[in-house]
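structure_34.pdb, holding PDB, C-alpha atoms:
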ATOM      1  CA  MET A1455      -6.009  51.177   6.629  1.00  0.00           C
ATOM      2  CA  LEU A1456      -7.980  51.780   3.447  1.00  0.00           C
ATOM      3  CA  ASP A1457     -10.788  49.258   2.972  1.00  0.00           C
ATOM      4  CA  VAL A1458      -9.588  46.812   0.317  1.00  0.00           C
ATOM      5  CA  GLY A1459     -13.115  46.310  -1.036  1.00  0.00           C
ATOM      6  CA  ARG A1460     -13.620  49.978  -1.957  1.00  0.00           C
ATOM      7  CA  GLU A1461     -13.543  51.416  -5.465  1.00  0.00           C
ATOM      8  CA  ALA A1462     -11.007  53.863  -6.949  1.00  0.00           C
ATOM      9  CA  ASP A1463     -13.064  56.851  -5.759  1.00  0.00           C
ATOM     10  CA  THR A1464     -12.253  55.876  -2.166  1.00  0.00           C
ATOM     11  CA  PHE A1465      -8.580  55.644  -3.078  1.00  0.00           C
ATOM     12  CA  ASP A1466      -8.780  59.065  -4.749  1.00  0.00           C
ATOM     13  CA  ALA A1467     -10.399  60.555  -1.638  1.00  0.00           C
ATOM     14  CA  CYS A1468      -7.710  59.094   0.635  1.00  0.00           C
ATOM     15  CA  TRP A1469      -4.947  60.106  -1.781  1.00  0.00           C
ATOM     16  CA  GLY A1470      -6.287  63.668  -1.827  1.00  0.00           C
ATOM     17  CA  ARG A1471      -6.240  63.952   1.974  1.00  0.00           C
ATOM     18  CA  ILE A1472      -2.629  62.841   2.398  1.00  0.00           C
ATOM     19  CA  GLU A1473      -0.355  65.824   2.986  1.00  0.00           C
ATOM     20  CA  LYS A1474       3.064  64.172   2.608  1.00  0.00           C
ATOM     21  CA  ARG A1475       3.514  63.369  -1.101  1.00  0.00           C
ATOM     22  CA  VAL A1476       6.410  62.251  -3.202  1.00  0.00           C
ATOM     23  CA  ALA A1477       7.826  65.018  -5.408  1.00  0.00           C
ATOM     24  CA  LEU A1478       8.688  63.412  -8.746  1.00  0.00           C
ATOM     25  CA  THR A1479      11.765  64.713 -10.514  1.00  0.00           C
ATOM     26  CA  SER A1480      11.518  65.594 -14.211  1.00  0.00           C
ATOM     27  CA  GLU A1481      13.541  62.453 -15.013  1.00  0.00           C
ATOM     28  CA  LEU A1482      11.050  60.279 -13.136  1.00  0.00           C
ATOM     29  CA  ARG A1483       8.097  61.967 -14.842  1.00  0.00           C
ATOM     30  CA  ALA A1484       9.702  61.243 -18.224  1.00  0.00           C
ATOM     31  CA  SER A1485      10.182  57.549 -17.385  1.00  0.00           C
ATOM     32  CA  HIS A1486       6.543  57.212 -16.309  1.00  0.00           C
ATOM     33  CA  ALA A1487       5.501  56.120 -19.830  1.00  0.00           C
ATOM     34  CA  ASN A1488       7.886  53.128 -19.889  1.00  0.00           C
ATOM     35  CA  SER A1489       6.302  49.699 -20.087  1.00  0.00           C
ATOM     36  CA  GLY A1490       7.343  46.072 -20.410  1.00  0.00           C
ATOM     37  CA  SER A1491      10.365  44.462 -18.829  1.00  0.00           C
ATOM     38  CA  LEU A1492      13.355  46.389 -17.544  1.00  0.00           C
ATOM     39  CA  PRO A1493      16.719  45.874 -19.241  1.00  0.00           C
ATOM     40  CA  VAL A1494      19.045  43.476 -17.428  1.00  0.00           C
ATOM     41  CA  ALA A1495      22.482  44.772 -16.467  1.00  0.00           C
ATOM     42  CA  PRO A1496      25.475  42.446 -17.076  1.00  0.00           C
ATOM     43  CA  HIS A1497      26.263  42.284 -13.339  1.00  0.00           C
ATOM     44  CA  GLU A1498      22.614  41.709 -12.360  1.00  0.00           C
ATOM     45  CA  ARG A1499      22.197  39.361  -9.373  1.00  0.00           C
ATOM     46  CA  ARG A1500      18.401  39.336  -9.285  1.00  0.00           C
ATOM     47  CA  GLN A1501      16.632  35.994  -9.489  1.00  0.00           C
ATOM     48  CA  HIS A1502      13.462  37.307 -11.172  1.00  0.00           C
ATOM     49  CA  PRO A1503      12.922  39.727 -14.078  1.00  0.00           C
ATOM     50  CA  ARG A1504      11.485  43.164 -13.281  1.00  0.00           C
ATOM     51  CA  PHE A1505       8.607  44.877 -15.054  1.00  0.00           C
ATOM     52  CA  TYR A1506       7.630  48.539 -15.156  1.00  0.00           C
ATOM     53  CA  PHE A1507       4.652  49.055 -12.867  1.00  0.00           C
ATOM     54  CA  TRP A1508       3.873  52.782 -12.496  1.00  0.00           C
ATOM     55  CA  ARG A1509       0.930  53.176 -10.119  1.00  0.00           C
ATOM     56  CA  ARG A1510      -0.127  55.640  -7.463  1.00  0.00           C
ATOM     57  CA  ALA A1511       0.224  54.040  -4.065  1.00  0.00           C
ATOM     58  CA  ILE A1512      -0.586  54.866  -0.480  1.00  0.00           C
ATOM     59  CA  LEU A1513       2.266  53.824   1.781  1.00  0.00           C
ATOM     60  CA  GLU A1514       1.362  53.144   5.406  1.00  0.00           C
ATOM     61  CA  GLN A1515       3.937  52.823   8.116  1.00  0.00           C
ATOM     62  CA  GLY A1516       3.639  53.251  11.879  1.00  0.00           C
ATOM     63  CA  GLY A1517       0.146  54.751  11.629  1.00  0.00           C
ATOM     64  CA  ARG A1518       1.260  57.362   9.084  1.00  0.00           C
ATOM     65  CA  GLN A1519       0.224  57.536   5.426  1.00  0.00           C
ATOM     66  CA  PHE A1520       2.249  58.869   2.511  1.00  0.00           C
ATOM     67  CA  ALA A1521       1.296  59.410  -1.127  1.00  0.00           C
ATOM     68  CA  GLY A1522       3.831  57.602  -3.277  1.00  0.00           C
ATOM     69  CA  PHE A1523       4.213  55.567  -6.424  1.00  0.00           C
ATOM     70  CA  THR A1524       5.249  52.095  -7.447  1.00  0.00           C
ATOM     71  CA  ARG A1525       7.865  52.065 -10.159  1.00  0.00           C
ATOM     72  CA  ASP A1526       8.532  48.441 -11.022  1.00  0.00           C
ATOM     73  CA  LEU A1527       8.091  44.976  -9.592  1.00  0.00           C
ATOM     74  CA  SER A1528       9.254  41.398  -9.825  1.00  0.00           C
ATOM     75  CA  LYS A1529       8.011  38.131  -8.402  1.00  0.00           C
ATOM     76  CA  ALA A1530       9.935  38.854  -5.179  1.00  0.00           C
ATOM     77  CA  GLY A1531       9.747  42.605  -4.664  1.00  0.00           C
ATOM     78  CA  ILE A1532       8.811  46.103  -5.705  1.00  0.00           C
ATOM     79  CA  ARG A1533      10.461  49.501  -6.188  1.00  0.00           C
ATOM     80  CA  LEU A1534       8.616  52.356  -4.498  1.00  0.00           C
ATOM     81  CA  LEU A1535       8.906  56.129  -4.562  1.00  0.00           C
ATOM     82  CA  SER A1536       8.286  57.668  -1.156  1.00  0.00           C
ATOM     83  CA  PRO A1537       8.255  61.263   0.110  1.00  0.00           C
ATOM     84  CA  VAL A1538      10.105  60.180   3.268  1.00  0.00           C
ATOM     85  CA  GLN A1539      13.107  58.018   3.965  1.00  0.00           C
ATOM     86  CA  LEU A1540      12.162  54.435   4.814  1.00  0.00           C
ATOM     87  CA  PHE A1541      14.723  52.289   6.594  1.00  0.00           C
ATOM     88  CA  PRO A1542      15.885  48.729   5.897  1.00  0.00           C
ATOM     89  CA  CYS A1543      13.756  46.084   7.638  1.00  0.00           C
ATOM     90  CA  ASP A1544      10.866  48.555   8.122  1.00  0.00           C
ATOM     91  CA  GLU A1545       7.502  46.944   7.413  1.00  0.00           C
ATOM     92  CA  THR A1546       5.336  49.011   5.086  1.00  0.00           C
ATOM     93  CA  HIS A1547       1.801  48.443   3.802  1.00  0.00           C
ATOM     94  CA  VAL A1548       1.237  49.363   0.164  1.00  0.00           C
ATOM     95  CA  ILE A1549      -2.264  50.122  -1.141  1.00  0.00           C
ATOM     96  CA  LEU A1550      -2.890  50.398  -4.869  1.00  0.00           C
ATOM     97  CA  GLU A1551      -5.728  52.168  -6.704  1.00  0.00           C
ATOM     98  CA  SER A1552      -7.210  48.753  -7.510  1.00  0.00           C
ATOM     99  CA  GLY A1553      -7.700  48.173  -3.778  1.00  0.00           C
ATOM    100  CA  GLN A1554      -4.972  45.551  -3.706  1.00  0.00           C
ATOM    101  CA  THR A1555      -2.893  45.769  -0.547  1.00  0.00           C
ATOM    102  CA  PHE A1556       0.258  43.984   0.539  1.00  0.00           C
ATOM    103  CA  ARG A1557       3.057  44.168   3.089  1.00  0.00           C
ATOM    104  CA  VAL A1558       6.684  44.671   2.163  1.00  0.00           C
ATOM    105  CA  SER A1559       9.976  44.823   4.000  1.00  0.00           C
ATOM    106  CA  ILE A1560      12.187  47.733   2.961  1.00  0.00           C
ATOM    107  CA  ARG A1561      15.640  46.589   1.811  1.00  0.00           C
ATOM    108  CA  ARG A1562      17.205  49.843   0.616  1.00  0.00           C
ATOM    109  CA  CYS A1563      16.339  53.525   0.309  1.00  0.00           C
ATOM    110  CA  LEU A1564      18.098  56.194  -1.738  1.00  0.00           C
ATOM    111  CA  ARG A1565      17.373  59.929  -1.685  1.00  0.00           C
ATOM    112  CA  LEU A1566      16.833  61.206  -5.240  1.00  0.00           C
ATOM    113  CA  ALA A1567      15.658  64.734  -4.354  1.00  0.00           C
ATOM    114  CA  ASP A1568      13.745  66.623  -1.664  1.00  0.00           C
ATOM    115  CA  ASP A1569      10.642  64.584  -0.796  1.00  0.00           C
ATOM    116  CA  CYS A1570      11.669  61.827  -3.200  1.00  0.00           C
ATOM    117  CA  TYR A1571      13.202  58.532  -2.055  1.00  0.00           C
ATOM    118  CA  GLU A1572      13.555  55.393  -4.134  1.00  0.00           C
ATOM    119  CA  CYS A1573      13.027  52.293  -2.005  1.00  0.00           C
ATOM    120  CA  GLY A1574      13.551  48.651  -2.872  1.00  0.00           C
ATOM    121  CA  ALA A1575      11.321  46.283  -0.936  1.00  0.00           C
ATOM    122  CA  GLU A1576      10.633  42.558  -0.695  1.00  0.00           C
ATOM    123  CA  PHE A1577       7.192  41.025  -0.486  1.00  0.00           C
ATOM    124  CA  PHE A1578       6.518  39.007   2.653  1.00  0.00           C
ATOM    125  CA  ALA A1579       6.549  35.272   1.870  1.00  0.00           C
ATOM    126  CA  SER A1580       3.006  34.717   3.134  1.00  0.00           C
ATOM    127  CA  GLN A1581       1.489  36.790   0.307  1.00  0.00           C
ATOM    128  CA  PRO A1582       0.678  35.814  -3.249  1.00  0.00           C
ATOM    129  CA  SER A1583       3.615  36.435  -5.555  1.00  0.00           C
ATOM    130  CA  TRP A1584       3.649  38.921  -8.438  1.00  0.00           C
ATOM    131  CA  PRO A1585       3.046  39.196 -11.362  1.00  0.00           C
TER     132      PRO A1585
END

Encoding of this model in structure tokens:
Amino acid sequence: MLDVGREADTFDACWGRIEKRVALTSELRASHANSGSLPVAPHERRQHPRFYFWRRAILEQGGRQFAGFTRDLSKAGIRLLSPVQLFPCDETHVILESGQTFRVSIRRCLRLADDCYECGAEFFASQPSWP
């Protein structure tokens, strides 16, 4: 795993070496500039509000690394963009450019395009909560 104490240049070097990368659709690229809280749908069952959180992320699972993105987060979970399908209950390590790392459990995964999967994940309870 990437050393948490390293600077962004280490993240950039690792990011650059990863072959399997998420392929963002034009719609996703356009939404990249969004900030603040996400709108709440009338039928929303979530317990915590979500906030846009676009960041490059290295996803580690089963000894493999993928170049992905975070899309938004709440106190309980995070939405990720992955180049590969991740399955419910899979444990995944997420590493951010800041060096922050955390474990999540995948809850859902939806294929948006070739090499682009949107995954909802929950933080493990033993970690500090966000935001």

**OP:** Using atom CA of Ile1560 of chain A and atom CA of Ala1530 of chain A as the two end points, give the distance in Å to one decimal.
**Re:** 12.3 Å

Subject >> Residue among A:Leu1540, A:Ile1532, A:Cys1570, A:Ile1472 lying closest to Arg1557 of chain A, counting only C-alpha atoms >> reply: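 That would be A:Ile1532, the residue with the smallest distance to Arg1557 of chain A.
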
Subject >> Test item: the PyMOL selection byres ((chain A and resi 1476) around 7) resolved as a PyMOL selection string >> reply: chain A and resi 1474-1475+1477-1478+1521-1522+1535-1537+1569-1570

**OP:** Kindly resolve the PyMOL selection byres ((chain A and resi 1516) around 10) on the present coordinates and return the residues as a list in words.
**Re:**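 For this structure, the PyMOL selection byres ((chain A and resi 1516) around 10) resolves to Glu1514, Gln1515, Gly1517, Arg1518, Gln1519, Asp1544, Glu1545, Thr1546 and His1547 of chain A.
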
Subject >> Option closest in space to Val1548 of chain A, from A:Gly1470, A:Leu1534, A:Ser1528, A:Ile1512 [counting only C-alpha atoms] >> reply: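 Of the candidates, the smallest distance to Val1548 of chain A is held by A:Ile1512.
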
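If all atoms listed in the file are the atoms counted, then among A:Cys1468, A:Cys1563, A:Leu1513, A:Cys1573 the closest residue to Leu1527 of chain A is A:Cys1573.
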
Selected segment 1534-1573 of chain A, written as a tab-separated table (two decimals), in the first residue's frame, N, CA and C atoms:
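Okay, result17.tsv is ready:
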chain	number	residue	atom	x	y	z
A	1534	LEU	N	-17.63	6.04	-5.31
A	1534	LEU	CA	-16.37	5.90	-6.03
A	1534	LEU	C	-16.63	5.64	-7.51
A	1535	LEU	N	-15.67	6.00	-8.33
A	1535	LEU	CA	-15.67	5.63	-9.75
A	1535	LEU	C	-14.48	4.71	-9.95
A	1536	SER	N	-14.75	3.52	-10.45
A	1536	SER	CA	-13.72	2.50	-10.61
A	1536	SER	C	-13.67	2.03	-12.06
A	1537	PRO	N	-12.48	1.61	-12.53
A	1537	PRO	CA	-12.40	1.08	-13.89
A	1537	PRO	C	-12.85	-0.38	-13.99
A	1538	VAL	N	-13.05	-1.02	-12.85
A	1538	VAL	CA	-13.48	-2.43	-12.82
A	1538	VAL	C	-14.69	-2.57	-11.92
A	1539	GLN	N	-15.45	-3.62	-12.16
A	1539	GLN	CA	-16.61	-3.89	-11.33
A	1539	GLN	C	-16.14	-4.36	-9.95
A	1540	LEU	N	-16.68	-3.75	-8.91
A	1540	LEU	CA	-16.43	-4.17	-7.54
A	1540	LEU	C	-17.73	-4.75	-7.01
A	1541	PHE	N	-17.64	-5.79	-6.21
A	1541	PHE	CA	-18.84	-6.52	-5.81
A	1541	PHE	C	-19.24	-6.20	-4.37
A	1542	PRO	N	-20.56	-6.25	-4.10
A	1542	PRO	CA	-21.03	-5.99	-2.74
A	1542	PRO	C	-20.31	-6.86	-1.71
A	1543	CYS	N	-19.99	-6.22	-0.60
A	1543	CYS	CA	-19.26	-6.81	0.54
A	1543	CYS	C	-17.76	-6.91	0.30
A	1544	ASP	N	-17.26	-6.56	-0.89
A	1544	ASP	CA	-15.81	-6.52	-1.12
A	1544	ASP	C	-15.21	-5.42	-0.25
A	1545	GLU	N	-14.07	-5.71	0.36
A	1545	GLU	CA	-13.33	-4.70	1.10
A	1545	GLU	C	-12.35	-4.03	0.16
A	1546	THR	N	-12.34	-2.72	0.16
A	1546	THR	CA	-11.47	-1.95	-0.72
A	1546	THR	C	-10.76	-0.86	0.09
A	1547	HIS	N	-9.47	-0.68	-0.16
A	1547	HIS	CA	-8.72	0.41	0.46
A	1547	HIS	C	-8.73	1.58	-0.53
A	1548	VAL	N	-8.97	2.77	-0.01
A	1548	VAL	CA	-9.01	3.98	-0.81
A	1548	VAL	C	-7.89	4.89	-0.33
A	1549	ILE	N	-7.06	5.35	-1.26
A	1549	ILE	CA	-5.96	6.26	-0.93
A	1549	ILE	C	-6.18	7.56	-1.69
A	1550	LEU	N	-6.18	8.66	-0.97
A	1550	LEU	CA	-6.37	9.97	-1.57
A	1550	LEU	C	-5.04	10.67	-1.78
A	1551	GLU	N	-5.04	11.71	-2.61
A	1551	GLU	CA	-3.82	12.49	-2.89
A	1551	GLU	C	-3.22	13.06	-1.62
A	1552	SER	N	-4.05	13.35	-0.64
A	1552	SER	CA	-3.58	13.93	0.63
A	1552	SER	C	-2.79	12.91	1.46
A	1553	GLY	N	-2.85	11.64	1.05
A	1553	GLY	CA	-2.21	10.58	1.82
A	1553	GLY	C	-3.18	9.88	2.75
A	1554	GLN	N	-4.37	10.44	2.89
A	1554	GLN	CA	-5.38	9.83	3.73
A	1554	GLN	C	-5.80	8.50	3.12
A	1555	THR	N	-5.94	7.49	3.97
A	1555	THR	CA	-6.34	6.17	3.49
A	1555	THR	C	-7.41	5.62	4.41
A	1556	PHE	N	-8.33	4.87	3.84
A	1556	PHE	CA	-9.40	4.27	4.65
A	1556	PHE	C	-9.93	3.04	3.94
A	1557	ARG	N	-10.59	2.19	4.72
A	1557	ARG	CA	-11.20	0.97	4.19
A	1557	ARG	C	-12.69	1.18	4.05
A	1558	VAL	N	-13.24	0.62	2.97
A	1558	VAL	CA	-14.68	0.68	2.74
A	1558	VAL	C	-15.18	-0.70	2.36
A	1559	SER	N	-16.47	-0.89	2.55
A	1559	SER	CA	-17.15	-2.10	2.10
A	1559	SER	C	-18.08	-1.70	0.97
A	1560	ILE	N	-17.90	-2.31	-0.18
A	1560	ILE	CA	-18.72	-1.99	-1.35
A	1560	ILE	C	-20.16	-2.45	-1.08
A	1561	ARG	N	-21.11	-1.59	-1.39
A	1561	ARG	CA	-22.54	-1.91	-1.20
A	1561	ARG	C	-23.27	-2.08	-2.52
A	1562	ARG	N	-22.84	-1.35	-3.53
A	1562	ARG	CA	-23.47	-1.47	-4.86
A	1562	ARG	C	-22.47	-1.05	-5.91
A	1563	CYS	N	-22.69	-1.51	-7.14
A	1563	CYS	CA	-21.81	-1.15	-8.25
A	1563	CYS	C	-22.62	-1.17	-9.54
A	1564	LEU	N	-22.55	-0.08	-10.29
A	1564	LEU	CA	-23.32	0.07	-11.51
A	1564	LEU	C	-22.39	0.44	-12.66
A	1565	ARG	N	-22.49	-0.29	-13.76
A	1565	ARG	CA	-21.66	0.01	-14.94
A	1565	ARG	C	-22.25	1.22	-15.65
A	1566	LEU	N	-21.42	2.27	-15.81
A	1566	LEU	CA	-21.85	3.47	-16.54
A	1566	LEU	C	-21.37	3.44	-17.98
A	1567	ALA	N	-20.20	2.85	-18.21
A	1567	ALA	CA	-19.60	2.77	-19.55
A	1567	ALA	C	-18.43	1.78	-19.46
A	1568	ASP	N	-17.77	1.53	-20.59
A	1568	ASP	CA	-16.57	0.70	-20.55
A	1568	ASP	C	-15.57	1.32	-19.59
A	1569	ASP	N	-15.00	0.52	-18.73
A	1569	ASP	CA	-13.99	0.98	-17.76
A	1569	ASP	C	-14.49	2.09	-16.84
A	1570	CYS	N	-15.79	2.08	-16.56
A	1570	CYS	CA	-16.35	3.11	-15.67
A	1570	CYS	C	-17.52	2.54	-14.88
A	1571	TYR	N	-17.27	2.29	-13.60
A	1571	TYR	CA	-18.29	1.76	-12.69
A	1571	TYR	C	-18.47	2.71	-11.52
A	1572	GLU	N	-19.72	2.98	-11.19
A	1572	GLU	CA	-20.03	3.82	-10.04
A	1572	GLU	C	-20.35	2.89	-8.87
A	1573	CYS	N	-19.60	3.05	-7.78
A	1573	CYS	CA	-19.74	2.16	-6.63
A	1573	CYS	C	-20.09	2.95	-5.38
